[in-house]
Amino acid sequence: MIQEERNIAADVLKAMAHPIRLGVIEVLTDGEKTITELYEELECSQSMMSQQLKILCQQKLVTIRKDGTQKYCSLSNRDFLKLFDCMHIHLRKFLHFKD
């Protein structure tokens with residue numbers, strides 16, 4: 001990786017580095033959700049969810065589409081879910097996290 005790629009990769013990882021943003025990605029593994037469904041499931045305010053979705057969208061991790069008055073969110077790149085598998089293994093194997 002060249003320096004510019006490392007910088008951009010760091011920005012993408014920073015975009016994921018928040019519990020709510022990680023939760024959004026995790027919830028969207030099951031498919032498209034409305035913004036209301038996301039903030040209710042992740043137990044945060046609508047304004048907090050909007051802030052977090054903006055960051056995820058800026059890095060092209062999440063896509064939002066509008067249908068009438070509803071906004072639907074989905075994952076832009078499902079390959080990022082591989083990071084969740086790696087994190088799950090790391091938490092349990094190396095950091096001894098128990099479910």
# chains A, B, ... in the order shown; residues from 1 in each chain; ligands from 1
$ residues_around --residues "Met49 in chain A" --least-positions-apart "4" --cutoff "8 Å" --atoms "only C-alpha atoms" --output "list in words"
Ile20, Ile35, Leu38, Tyr39, Cys44, Ser45 and Leu53 of chain A
$ write_last_selection --atoms "C-alpha atoms" --output "PDB file, in the first residue's frame"
ATOM      1  CA  ILE A  20     -23.257   2.917  16.948  1.00  0.00           C
ATOM      2  CA  ILE A  35     -33.517   4.900   9.646  1.00  0.00           C
ATOM      3  CA  LEU A  38     -31.944   1.494  13.023  1.00  0.00           C
ATOM      4  CA  TYR A  39     -32.205   4.081  15.769  1.00  0.00           C
ATOM      5  CA  CYS A  44     -30.124   6.044  20.157  1.00  0.00           C
ATOM      6  CA  SER A  45     -31.754   9.303  19.151  1.00  0.00           C
ATOM      7  CA  LEU A  53     -25.085   7.580   9.029  1.00  0.00           C
TER       8      LEU A  53
END
$ select_by_dssp --residues "chain A" --states "alpha helix (DSSP H)" --output "ChimeraX atom specification"
/A:3-16,19-27,35-41,46-58,81-93
$ closest_residue --among "A:Lys66, A:Ile89, A:Lys14, A:Leu42" --to "Leu28 in chain A" --atoms "only C-alpha atoms"
A:Leu42
$ closest_residue --among "A:Leu95, A:Ile64, A:Met1, A:Ile55" --to "Glu32 in chain A" --atoms "only C-alpha atoms"
A:Ile64
$ atom_distance --atom1 "CA of Thr34 in chain A" --atom2 "CA of Arg65 in chain A"
9.4 Å
$ atom_distance --atom1 "CA of Val62 in chain A" --atom2 "CA of Ser76 in chain A"
5.0 Å
$ select_by_dssp --residues "chain A" --states "strand (DSSP E)" --output "count of residues only"
14
$ closest_residue --among "A:Ile25, A:Asp79, A:Gln58, A:Pro19" --to "Glu43 in chain A" --atoms "only C-alpha atoms"
A:Pro19
$ residues_around --residues "Met16 in chain A" --least-positions-apart "4" --cutoff "10 Å" --atoms "only C-alpha atoms" --output "MDAnalysis selection string"
chainID A and resid 10:12 20:25 52 55:56 59 61
$ closest_residue --among "A:Thr69, A:Ser74, A:Thr63, A:Ser50" --to "Lys33 in chain A" --atoms "only C-alpha atoms"
A:Ser74
$ atom_distance --atom1 "CA of Gly31 in chain A" --atom2 "CA of Leu75 in chain A"
7.8 Å
$ residues_around --residues "Lys82 in chain A" --least-positions-apart "5" --cutoff "12 Å" --atoms "only C-alpha atoms" --output "VMD selection string"
chain A and resid 25 to 26 29 77 87 to 89
$ write_last_selection --atoms "C-alpha atoms" --output "short mmCIF file (atom, residue, chain, number, x, y, z; two decimals), in the first residue's frame"
data_model
loop_
_atom_site.label_atom_id
_atom_site.label_comp_id
_atom_site.auth_asym_id
_atom_site.auth_seq_id
_atom_site.Cartn_x
_atom_site.Cartn_y
_atom_site.Cartn_z
CA ILE A 25 -23.19 -2.22 9.91
CA GLU A 26 -24.04 -5.26 12.01
CA THR A 29 -26.15 -7.58 7.61
CA ASN A 77 -20.07 -3.34 0.25
CA MET A 87 -12.93 -8.93 14.97
CA HIS A 88 -15.15 -11.63 16.47
CA ILE A 89 -12.25 -14.11 16.41
#
